[in-house]
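Below is my_file.csv, holding CSV, C-alpha atoms and all ligand atoms.
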chain,number,residue,atom,x,y,z
I,506,MET,CA,18.4,6.3,-10.8
I,507,ALA,CA,18.8,8.0,-7.5
I,508,VAL,CA,22.2,7.6,-5.9
I,509,ILE,CA,22.2,6.3,-2.4
I,510,ASP,CA,24.8,6.0,0.3
I,511,ILE,CA,25.4,2.2,0.2
I,512,ALA,CA,26.8,2.1,3.8
I,513,ARG,CA,23.8,4.0,5.1
I,514,ALA,CA,21.3,1.9,3.1
I,515,MET,CA,22.9,-1.3,4.5
I,516,ALA,CA,22.8,0.0,8.1
I,517,GLN,CA,19.1,0.8,7.5
I,518,VAL,CA,18.4,-2.7,6.2
I,519,GLU,CA,20.3,-4.2,9.1
I,520,GLN,CA,18.3,-2.2,11.6
I,521,ASN,CA,14.8,-2.0,10.1
I,522,GLY,CA,14.8,-4.9,7.5
I,523,PHE,CA,14.0,-2.5,4.7
I,524,LEU,CA,15.2,0.7,2.9
I,525,ASP,CA,13.6,3.8,4.4
I,526,ILE,CA,14.3,6.5,1.8
I,527,ASP,CA,11.9,9.4,1.0
I,528,ILE,CA,10.0,8.9,-2.2
I,529,ASP,CA,8.6,11.8,-4.3
I,530,PRO,CA,4.9,11.8,-3.3
I,531,THR,CA,3.9,12.7,-6.9
I,532,LEU,CA,5.6,9.6,-8.3
I,533,ASP,CA,3.2,7.1,-9.8
I,534,LEU,CA,4.5,4.0,-8.1
I,535,PHE,CA,2.6,1.6,-10.4
I,536,GLN,CA,4.2,3.1,-13.5
I,537,ALA,CA,7.6,3.4,-11.9
I,538,ILE,CA,7.6,-0.2,-10.8
I,539,GLU,CA,6.6,-1.4,-14.3
I,540,LYS,CA,9.4,0.6,-15.8
I,541,LEU,CA,12.0,-0.8,-13.3
I,542,LYS,CA,10.8,-4.4,-14.0
I,543,LYS,CA,11.4,-3.9,-17.8
I,544,GLU,CA,14.8,-2.2,-17.3
I,545,LYS,CA,16.1,-4.8,-15.0
I,546,ASN,CA,14.4,-7.9,-16.4
I,547,ALA,CA,12.8,-8.5,-13.0
I,548,VAL,CA,9.8,-10.4,-12.1
I,549,ILE,CA,7.5,-9.8,-9.1
I,550,LEU,CA,6.1,-13.0,-7.5
I,551,ALA,CA,3.4,-12.3,-4.9
I,552,HIS,CA,1.4,-14.4,-2.4
I,553,TYR,CA,-2.4,-13.9,-2.2
I,554,TYR,CA,-2.0,-12.4,1.3
I,555,GLN,CA,-0.2,-9.4,0.0
I,556,ASP,CA,-1.8,-6.0,-0.1
I,557,PRO,CA,-4.1,-5.5,-3.2
I,558,ASP,CA,-1.8,-2.9,-4.6
I,559,ILE,CA,1.1,-5.3,-4.6
I,560,GLN,CA,-1.1,-8.0,-6.2
I,561,GLU,CA,-1.9,-5.6,-8.9
I,562,ILE,CA,1.8,-5.0,-9.9
I,563,ALA,CA,2.7,-8.7,-9.6
I,564,ASP,CA,3.6,-10.8,-12.6
I,565,TYR,CA,2.5,-14.0,-10.8
I,566,ILE,CA,0.2,-14.4,-7.8
I,567,GLY,CA,-0.2,-17.8,-6.3
I,568,ASP,CA,-0.1,-20.2,-3.4
I,569,SER,CA,3.1,-21.6,-2.1
I,570,LEU,CA,3.3,-24.5,-4.6
I,571,GLY,CA,2.5,-22.2,-7.6
I,572,LEU,CA,5.1,-19.6,-6.3
I,573,ALA,CA,7.8,-22.2,-5.9
I,574,GLN,CA,7.1,-23.5,-9.5
I,575,ALA,CA,7.1,-19.9,-10.8
I,576,ALA,CA,10.4,-19.2,-9.0
I,577,LYS,CA,11.9,-22.4,-10.6
I,578,THR,CA,10.8,-21.6,-14.1
I,579,THR,CA,11.3,-17.8,-14.5
I,580,ASP,CA,13.9,-16.5,-16.9
I,581,ALA,CA,14.1,-13.1,-15.2
I,582,ASP,CA,17.4,-12.0,-13.8
I,583,ILE,CA,15.9,-10.6,-10.6
I,584,ILE,CA,13.1,-12.2,-8.5
I,585,LEU,CA,11.4,-9.7,-6.2
I,586,PHE,CA,9.5,-11.9,-3.8
I,587,ALA,CA,6.5,-10.2,-2.2
I,588,GLY,CA,5.6,-12.6,0.5
I,589,VAL,CA,7.4,-13.7,3.7
I,590,HIS,CA,11.0,-14.7,4.3
I,591,PHE,CA,10.6,-18.5,4.0
I,592,MET,CA,9.0,-18.0,0.5
I,593,ALA,CA,11.9,-15.8,-0.7
I,594,GLU,CA,14.3,-18.5,0.7
I,595,THR,CA,12.5,-21.1,-1.3
I,596,ALA,CA,13.0,-19.0,-4.4
I,597,LYS,CA,16.7,-18.7,-3.7
I,598,ILE,CA,17.1,-22.4,-3.0
I,599,LEU,CA,15.6,-23.1,-6.4
I,600,ASN,CA,17.4,-20.3,-8.2
I,601,PRO,CA,20.9,-19.8,-6.8
I,602,GLY,CA,22.1,-18.0,-9.9
I,603,LYS,CA,19.4,-15.3,-9.7
I,604,LYS,CA,19.3,-12.3,-7.5
I,605,VAL,CA,16.4,-12.7,-5.0
I,606,ILE,CA,15.2,-9.5,-3.4
I,607,LEU,CA,12.5,-8.9,-0.8
I,608,PRO,CA,10.8,-5.7,0.3
I,609,ASP,CA,11.2,-6.3,4.0
I,610,LEU,CA,13.7,-8.8,5.4
I,611,LYS,CA,11.8,-8.9,8.7
I,612,ALA,CA,8.6,-10.3,7.1
I,613,GLY,CA,8.7,-13.6,9.0
I,614,CYS,CA,6.1,-16.2,9.8
I,615,SER,CA,4.8,-17.4,13.2
I,616,LEU,CA,4.5,-20.9,12.0
I,617,SER,CA,8.1,-21.0,10.7
I,618,ASP,CA,9.3,-19.4,14.0
I,619,SER,CA,7.5,-22.2,15.9
I,620,ALA,CA,10.1,-24.7,14.7
I,621,PRO,CA,13.7,-23.6,15.5
I,622,PRO,CA,16.0,-26.1,13.7
I,623,PRO,CA,18.3,-27.0,16.6
I,624,VAL,CA,15.2,-27.8,18.9
I,625,PHE,CA,13.6,-29.8,16.1
I,626,ALA,CA,16.8,-31.7,15.4
I,627,LYS,CA,17.0,-32.8,19.0
I,628,TRP,CA,13.3,-33.7,19.2
I,629,LYS,CA,13.3,-35.8,16.1
I,630,GLU,CA,16.1,-38.0,17.5
I,631,GLN,CA,13.3,-39.8,19.5
I,632,TYR,CA,11.9,-41.1,16.2
I,633,PRO,CA,14.8,-42.6,14.3
I,634,ASP,CA,12.6,-44.8,12.1
I,635,HIS,CA,10.3,-41.9,11.0
I,636,ILE,CA,10.8,-39.8,7.9
I,637,VAL,CA,10.2,-36.1,8.1
I,638,VAL,CA,7.5,-34.4,5.9
I,639,THR,CA,7.7,-30.7,6.5
I,640,TYR,CA,5.3,-28.0,5.4
I,641,ILE,CA,7.0,-25.4,3.2
I,642,ASN,CA,6.2,-22.7,5.8
I,643,CYS,CA,9.5,-23.2,7.6
I,644,SER,CA,13.1,-22.0,7.5
I,645,ALA,CA,15.8,-23.3,5.2
I,646,GLY,CA,17.4,-24.8,8.3
I,647,MET,CA,14.2,-26.9,8.9
I,648,LYS,CA,14.0,-27.9,5.2
I,649,ALA,CA,17.6,-29.1,5.5
I,650,LEU,CA,16.4,-31.5,8.3
I,651,SER,CA,13.5,-32.8,6.3
I,652,ASP,CA,13.0,-35.7,3.8
I,653,ILE,CA,10.2,-34.2,1.8
I,654,ILE,CA,8.6,-30.7,1.7
I,655,CYS,CA,4.9,-30.2,1.0
I,656,THR,CA,2.5,-27.4,0.6
I,657,SER,CA,-1.2,-27.3,1.4
I,658,SER,CA,-2.0,-28.1,-2.2
I,659,ASN,CA,0.1,-31.2,-2.5
I,660,ALA,CA,0.4,-32.5,1.1
I,661,LYS,CA,-2.2,-35.3,0.7
I,662,ALA,CA,-0.6,-36.5,-2.6
I,663,ILE,CA,2.8,-36.5,-1.0
I,664,ILE,CA,1.7,-38.5,2.1
I,665,ASP,CA,-0.3,-40.9,-0.1
I,666,SER,CA,2.8,-41.5,-2.2
I,667,LEU,CA,4.6,-43.0,0.9
I,668,PRO,CA,4.2,-46.7,1.8
I,669,ALA,CA,1.3,-47.3,4.2
I,670,ASP,CA,3.5,-48.6,7.0
I,671,GLN,CA,6.0,-45.7,6.7
I,672,LYS,CA,6.2,-43.9,10.0
I,673,ILE,CA,6.1,-40.1,9.5
I,674,ILE,CA,6.8,-36.9,11.5
I,675,PHE,CA,4.9,-33.9,10.2
I,676,ALA,CA,6.1,-30.4,11.1
I,677,PRO,CA,5.6,-27.6,11.9
I,678,ASP,CA,1.8,-27.1,11.6
I,679,LYS,CA,-0.2,-29.3,14.1
I,680,ASN,CA,-3.5,-28.2,12.5
I,681,LEU,CA,-2.6,-29.1,9.0
I,682,GLY,CA,-1.0,-32.3,10.3
I,683,ALA,CA,-4.2,-33.3,12.2
I,684,TYR,CA,-6.3,-32.6,9.1
I,685,LEU,CA,-3.9,-34.7,7.0
I,686,ASN,CA,-4.0,-37.5,9.5
I,687,LYS,CA,-7.8,-37.4,9.2
I,688,ILE,CA,-8.0,-37.5,5.4
I,689,THR,CA,-5.1,-39.9,4.8
I,690,GLY,CA,-5.9,-42.3,7.7
I,691,ARG,CA,-2.3,-42.0,8.9
I,692,ASN,CA,-1.0,-41.4,12.4
I,693,MET,CA,1.8,-39.0,11.8
I,694,VAL,CA,3.7,-37.6,14.8
I,695,LEU,CA,3.0,-33.9,14.9
I,696,TRP,CA,5.2,-31.0,15.9
I,697,ASN,CA,3.4,-28.5,18.0
I,698,GLY,CA,3.4,-25.4,15.7
I,699,ALA,CA,0.6,-23.2,14.4
I,700,CYS,CA,-0.1,-20.1,12.3
I,701,MET,CA,-1.2,-17.1,14.4
I,702,VAL,CA,-3.7,-16.0,11.7
I,703,HIS,CA,-5.5,-19.3,11.1
I,704,GLU,CA,-5.6,-20.2,14.8
I,705,ILE,CA,-7.5,-17.0,15.7
I,706,PHE,CA,-10.8,-17.7,13.9
I,707,SER,CA,-13.8,-17.9,16.2
I,708,LEU,CA,-15.9,-21.0,15.8
I,709,GLU,CA,-18.7,-19.2,17.7
I,710,LYS,CA,-18.7,-16.1,15.4
I,711,ILE,CA,-18.4,-18.2,12.2
I,712,THR,CA,-21.4,-20.3,13.4
I,713,LYS,CA,-23.4,-17.1,14.0
I,714,LEU,CA,-22.3,-15.7,10.6
I,715,LYS,CA,-23.5,-18.9,8.9
I,716,LEU,CA,-26.9,-18.5,10.5
I,717,ARG,CA,-27.1,-14.9,9.3
I,718,HIS,CA,-26.0,-15.9,5.8
I,719,PRO,CA,-27.6,-19.4,5.2
I,720,GLU,CA,-26.9,-18.9,1.5
I,721,ALA,CA,-23.1,-18.6,2.0
I,722,LYS,CA,-20.6,-21.4,1.9
I,723,PHE,CA,-17.9,-21.4,4.5
I,724,ILE,CA,-14.5,-22.3,3.0
I,725,ALA,CA,-11.3,-22.6,5.0
I,726,HIS,CA,-7.6,-23.1,4.8
I,727,PRO,CA,-6.3,-26.4,6.5
I,728,GLU,CA,-4.1,-24.3,8.8
I,729,CYS,CA,-7.3,-23.6,10.8
I,730,GLU,CA,-8.1,-25.5,13.9
I,731,GLU,CA,-10.0,-28.8,13.7
I,732,ALA,CA,-13.2,-27.5,15.2
I,733,VAL,CA,-13.4,-24.7,12.5
I,734,LEU,CA,-12.5,-27.2,9.7
I,735,ARG,CA,-15.3,-29.5,10.9
I,736,ILE,CA,-17.9,-26.9,9.8
I,737,ALA,CA,-16.3,-26.0,6.5
I,738,ASP,CA,-18.0,-26.7,3.2
I,739,PHE,CA,-14.7,-26.8,1.4
I,740,ILE,CA,-11.0,-27.0,2.6
I,741,GLY,CA,-8.0,-26.1,0.5
I,742,SER,CA,-4.9,-24.1,-0.2
I,743,THR,CA,-5.3,-20.4,-1.2
I,744,THR,CA,-5.4,-21.3,-4.9
I,745,GLN,CA,-7.9,-24.1,-4.3
I,746,LEU,CA,-10.1,-21.8,-2.3
I,747,LEU,CA,-10.0,-19.2,-5.0
I,748,ARG,CA,-10.9,-21.8,-7.7
I,749,PHE,CA,-13.7,-23.1,-5.6
I,750,THR,CA,-15.3,-19.6,-5.4
I,751,GLN,CA,-15.0,-19.4,-9.2
I,752,THR,CA,-16.5,-22.8,-10.0
I,753,ASP,CA,-19.0,-23.3,-7.2
I,754,ALA,CA,-22.6,-22.2,-7.8
I,755,ALA,CA,-22.9,-20.4,-4.5
I,756,GLU,CA,-23.2,-16.6,-4.7
I,757,ALA,CA,-21.7,-15.9,-1.2
I,758,PHE,CA,-18.8,-17.3,0.7
I,759,ILE,CA,-17.4,-16.9,4.2
I,760,ILE,CA,-13.6,-17.0,3.9
I,761,GLY,CA,-11.6,-18.8,6.6
I,762,THR,CA,-8.1,-17.6,5.6
I,763,GLU,CA,-6.1,-14.4,5.5
I,764,THR,CA,-8.2,-11.5,4.1
I,765,GLY,CA,-5.7,-10.6,1.3
I,766,ILE,CA,-7.2,-13.4,-0.9
I,767,LEU,CA,-10.5,-11.6,-1.0
I,768,HIS,CA,-9.0,-9.2,-3.6
I,769,GLU,CA,-8.5,-11.9,-6.2
I,770,MET,CA,-11.8,-13.6,-5.3
I,771,GLN,CA,-13.8,-10.4,-5.8
I,772,LYS,CA,-11.9,-9.7,-9.0
I,773,ALA,CA,-12.6,-13.1,-10.4
I,774,SER,CA,-16.3,-13.1,-9.4
I,775,PRO,CA,-17.4,-9.5,-9.1
I,776,HIS,CA,-21.1,-10.4,-8.7
I,777,LYS,CA,-20.4,-12.7,-5.7
I,778,THR,CA,-20.2,-11.8,-2.0
I,779,PHE,CA,-17.2,-12.5,0.1
I,780,ILE,CA,-17.3,-12.2,3.9
I,781,PRO,CA,-14.0,-12.5,5.9
I,782,ALA,CA,-14.4,-15.1,8.7
I,783,PRO,CA,-14.1,-13.2,12.0
I,784,PRO,CA,-11.3,-13.6,14.6
I,785,ASN,CA,-12.1,-14.3,18.2
I,786,ASN,CA,-11.5,-10.7,19.3
I,787,SER,CA,-11.9,-7.2,17.8
I,788,CYS,CA,-8.4,-6.9,16.3
I,789,ALA,CA,-7.7,-7.4,12.6
I,790,CYS,CA,-6.0,-10.6,13.4
I,791,ASN,CA,-7.2,-12.3,10.3
I,792,GLU,CA,-4.6,-10.2,8.5
I,793,CYS,CA,-1.1,-11.6,8.6
I,794,PRO,CA,1.1,-8.9,10.2
I,795,HIS,CA,4.2,-10.4,8.5
I,796,MET,CA,2.7,-10.4,5.0
I,797,LYS,CA,1.4,-6.9,5.6
I,798,LEU,CA,4.9,-5.5,6.4
I,799,ASN,CA,5.4,-5.3,2.6
I,800,THR,CA,4.1,-2.1,1.0
I,801,LEU,CA,4.1,-0.7,-2.5
I,802,GLU,CA,6.7,1.9,-1.4
I,803,LYS,CA,9.0,-0.8,-0.1
I,804,VAL,CA,8.6,-2.8,-3.3
I,805,TYR,CA,9.6,0.2,-5.3
I,806,LEU,CA,12.7,1.0,-3.2
I,807,CYS,CA,13.7,-2.7,-3.2
I,808,LEU,CA,13.5,-2.9,-6.9
I,809,GLN,CA,15.1,0.4,-7.5
I,810,HIS,CA,18.2,-0.3,-5.3
I,811,GLU,CA,18.1,-4.1,-5.4
I,812,VAL,CA,18.2,-4.4,-1.6
I,813,PRO,CA,17.5,-6.2,0.7
I,814,THR,CA,18.8,-9.3,-1.0
I,815,LEU,CA,18.3,-12.9,0.1
I,816,GLU,CA,21.7,-14.5,0.7
I,817,MET,CA,22.2,-18.2,1.6
I,818,ASP,CA,25.1,-20.4,2.5
I,819,GLU,CA,25.6,-22.9,-0.3
I,820,GLU,CA,25.9,-26.0,1.9
I,821,LEU,CA,22.5,-25.1,3.6
I,822,ARG,CA,21.0,-24.4,0.2
I,823,LEU,CA,21.9,-27.8,-1.2
I,824,ALA,CA,20.6,-29.5,1.9
I,825,ALA,CA,17.3,-27.6,1.7
I,826,LEU,CA,17.0,-28.2,-2.0
I,827,LYS,CA,16.8,-32.1,-1.8
I,828,PRO,CA,13.4,-32.3,0.0
I,829,ILE,CA,12.0,-29.5,-2.2
I,830,GLU,CA,13.1,-31.5,-5.3
I,831,ARG,CA,11.4,-34.6,-3.9
I,832,MET,CA,8.2,-32.5,-3.4
I,833,MET,CA,8.4,-31.3,-7.0
I,834,GLU,CA,8.9,-34.8,-8.4
I,835,ILE,CA,5.9,-36.2,-6.5
I,836,SER,CA,3.8,-33.2,-7.4
I,837,GLN,CA,4.7,-33.7,-11.1
I,838,ALA,CA,3.9,-37.4,-10.9
I,839,ALA,CA,0.6,-36.6,-9.3
I,840,GLY,CA,-0.2,-34.1,-12.1
I,841,LEU,CA,-0.3,-31.2,-9.7
I,842,ILE,CA,2.4,-29.1,-11.5
I,843,GLY,CA,3.8,-29.0,-15.0
I,844,LYS,CA,7.4,-29.8,-15.9
N,1,LIG,P1,-0.9,-21.5,0.6
N,1,LIG,O1,-1.0,-20.2,-0.2
N,1,LIG,O2,0.1,-22.4,0.0
N,1,LIG,O3,-2.2,-22.1,0.8
N,1,LIG,O4,-0.3,-21.1,2.0
N,1,LIG,C1,-1.0,-20.3,2.9
N,1,LIG,C2,-0.1,-19.6,3.9
N,1,LIG,O5,-0.3,-19.5,5.0
N,1,LIG,C3,1.1,-19.0,3.4
N,1,LIG,O6,1.8,-18.4,4.4
N,2,LIG,FE1,2.9,-17.5,8.4
N,2,LIG,FE2,0.4,-17.7,9.0
N,2,LIG,FE3,1.4,-15.4,8.0
N,2,LIG,FE4,1.1,-17.6,6.4
N,2,LIG,S1,-0.5,-16.4,7.4
N,2,LIG,S2,2.9,-16.2,6.6
N,2,LIG,S3,1.5,-19.2,7.9
N,2,LIG,S4,1.9,-16.3,10.0

This entry written out as structure tokens:
Amino acid sequence: MAVIDIARAMAQVEQNGFLDIDIDPTLDLFQAIEKLKKEKNAVILAHYYQDPDIQEIADYIGDSLGLAQAAKTTDADIILFAGVHFMAETAKILNPGKKVILPDLKAGCSLSDSAPPPVFAKWKEQYPDHIVVTYINCSAGMKALSDIICTSSNAKAIIDSLPADQKIIFAPDKNLGAYLNKITGRNMVLWNGACMVHEIFSLEKITKLKLRHPEAKFIAHPECEEAVLRIADFIGSTTQLLRFTQTDAAEAFIIGTETGILHEMQKASPHKTFIPAPPNNSCACNECPHMKLNTLEKVYLCLQHEVPTLEMDEELRLAALKPIERMMEISQAAGLIGK
């Protein structure tokens, strides 16, 4: 293994969020990463929004619920989390004894950033008789202020499990919250946060695309705005969207979520056509800039040197664990995850 100057590496991570060390350009990174995984008993957990190369070297690819479950049950010594910071935090909260490493510490999330814990704590004081259901896309600090965590695959089951007269605050995603209010008949108080990727889809362009491809079904993630969801043929988490494209008879789909998922969709159904839903301008804004900070090179360096690591204060971890455990219990009772 290459010897690195630890002090320099730490300074680099502090400044850039990742290790920036030259890699031999002739090195086969796929092979090298596989070798390191075996040597170190490491597992790579990746979200569907990761670059296709990273999905290819992952041991498990999934949505937030699947990834949390995989992080909880792995017997690896090291978890390399290829996703964003709040996802690696969740893995650490569930697995304090394991080393959790992530390719780029600065891979954040606009939705998570939209709910700073001290501001949320003050705001929720207005609603003393409400319980707080929080979407997993938030910081450990926000989780610690919550009663139950949910993901897009179990949110409905979690809300349905609460008494009908229970008052609820839902944070941080106002779009997912509004969608859940609609399908559960609740009137949850919503925090005003949103995902920069899912908010950017253009209703007008998707409508035009549907006219050009009448054979295609439009499927969308519930983080999209209400007007976009209204024209969707199916709404679900990333895993649910992927499954839908595998089981539905349609041969073409317009995909209203981050484009990374098209890789698995195309792999699972090579004969079908997948069209990314267009954003409302000419940028590639349907790609998450945070997710895409991770690269195969950063994965390799992170696994080789085991930095950056995810560290967490134990008091915060225990406070954030409670609402995640409630989520796991309800999901298990609803048959959404195994033991
Ligand atoms: P899921 O994969 O759980 O549907 O979440 C989507 C997302 O935005 C993750 O950042
Ligand atoms: Fe956050 Fe949206 Fe990126 Fe998911 S896609 S990590 S919610 S900014």

Could the residues of chain I that have an atom at most 8 Å from ligand LIG 2 (chain N) be listed as CSV, each with its closest atom pair and the distance in Å to one decimal, counting only C-alpha atoms and all ligand atoms and ordered by chain and ascending residue number?
residue,atom,partner,partner_atom,distance
I:Tyr554,CA,N:LIG2,S1,7.4
I:Gly588,CA,N:LIG2,S2,7.6
I:Val589,CA,N:LIG2,S2,5.9
I:Gly613,CA,N:LIG2,S2,6.8
I:Cys614,CA,N:LIG2,FE1,3.7
I:Ser615,CA,N:LIG2,S4,4.5
I:Leu616,CA,N:LIG2,FE1,5.2
I:Ser617,CA,N:LIG2,FE1,6.7
I:Asn642,CA,N:LIG2,S3,6.2
I:Ala699,CA,N:LIG2,S3,7.7
I:Cys700,CA,N:LIG2,FE2,4.1
I:Met701,CA,N:LIG2,S4,5.4
I:Val702,CA,N:LIG2,FE2,5.2
I:His703,CA,N:LIG2,FE2,6.5
I:Glu728,CA,N:LIG2,S3,7.6
I:Thr762,CA,N:LIG2,S1,7.9
I:Glu763,CA,N:LIG2,S1,6.2
I:Glu792,CA,N:LIG2,S1,7.5
I:Cys793,CA,N:LIG2,FE3,4.6
I:Pro794,CA,N:LIG2,FE3,6.9
I:His795,CA,N:LIG2,FE3,5.8
I:Met796,CA,N:LIG2,FE3,6.0

Just the residues within 12 Å of Cys807 in chain I, please, counting all atoms listed in the file, with nothing from its chain fewer than 2 positions along; format it as JSON, numbers by chain. {"I": [514, 518, 522, 523, 524, 525, 526, 538, 541, 542, 547, 549, 583, 584, 585, 586, 587, 604, 605, 606, 607, 608, 609, 610, 799, 800, 801, 802, 803, 804, 805, 809, 810, 811, 812, 813, 814, 815]}

Compute the distance from (4.9, -36.0, -5.2) to each atom, counting only C-alpha atoms, keep the residues with any atom at most 10 Å away, and return them as an NGL selection string; use the coordinates of the file. :I and (653-655 or 659-667 or 830-842)

At a cut-off of 7 Å around ligand LIG 1 (chain N), and using all atoms listed in the file, what residues come up? Please write them as a PyMOL selection string. chain I and resi 552-553+567-570+642+656-658+726+742-744

Selected residues written out, C-alpha atoms, as an mmCIF file, in the frame of the given file:
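Generated file (part_26.cif):
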data_model
loop_
_atom_site.group_PDB
_atom_site.id
_atom_site.type_symbol
_atom_site.label_atom_id
_atom_site.label_comp_id
_atom_site.auth_asym_id
_atom_site.auth_seq_id
_atom_site.Cartn_x
_atom_site.Cartn_y
_atom_site.Cartn_z
ATOM 1 C CA HIS I 552 1.400 -14.400 -2.400
ATOM 2 C CA TYR I 553 -2.400 -13.900 -2.200
ATOM 3 C CA GLY I 567 -0.200 -17.800 -6.300
ATOM 4 C CA ASP I 568 -0.100 -20.200 -3.400
ATOM 5 C CA SER I 569 3.100 -21.600 -2.100
ATOM 6 C CA LEU I 570 3.300 -24.500 -4.600
ATOM 7 C CA ASN I 642 6.200 -22.700 5.800
ATOM 8 C CA THR I 656 2.500 -27.400 0.600
ATOM 9 C CA SER I 657 -1.200 -27.300 1.400
ATOM 10 C CA SER I 658 -2.000 -28.100 -2.200
ATOM 11 C CA HIS I 726 -7.600 -23.100 4.800
ATOM 12 C CA SER I 742 -4.900 -24.100 -0.200
ATOM 13 C CA THR I 743 -5.300 -20.400 -1.200
ATOM 14 C CA THR I 744 -5.400 -21.300 -4.900
#

Asp564 in chain I: which residues within 9 Å, counting only C-alpha atoms, same-chain residues fewer than 2 positions away excluded, as a ChimeraX atom specification? /I:548-551,560-562,566

Nearest residue to Arg822 in chain I from the set I:Pro621, I:Gly698, I:Pro783, I:Pro601 (distances using only C-alpha atoms):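 Checking each of I:Pro621, I:Gly698, I:Pro783, I:Pro601 against Arg822 in chain I, counting only C-alpha atoms, the winner is I:Pro601.
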
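In this structure, CA of Glu704 in chain I sits 26.8 Å away from CA of Lys772 in chain I.
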
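Minimum atom-to-atom distances from I:Ile829, I:Gln745, I:Pro557, I:Cys788 to Gln771 in chain I were compared using only C-alpha atoms, and the lowest value belongs to I:Pro557.
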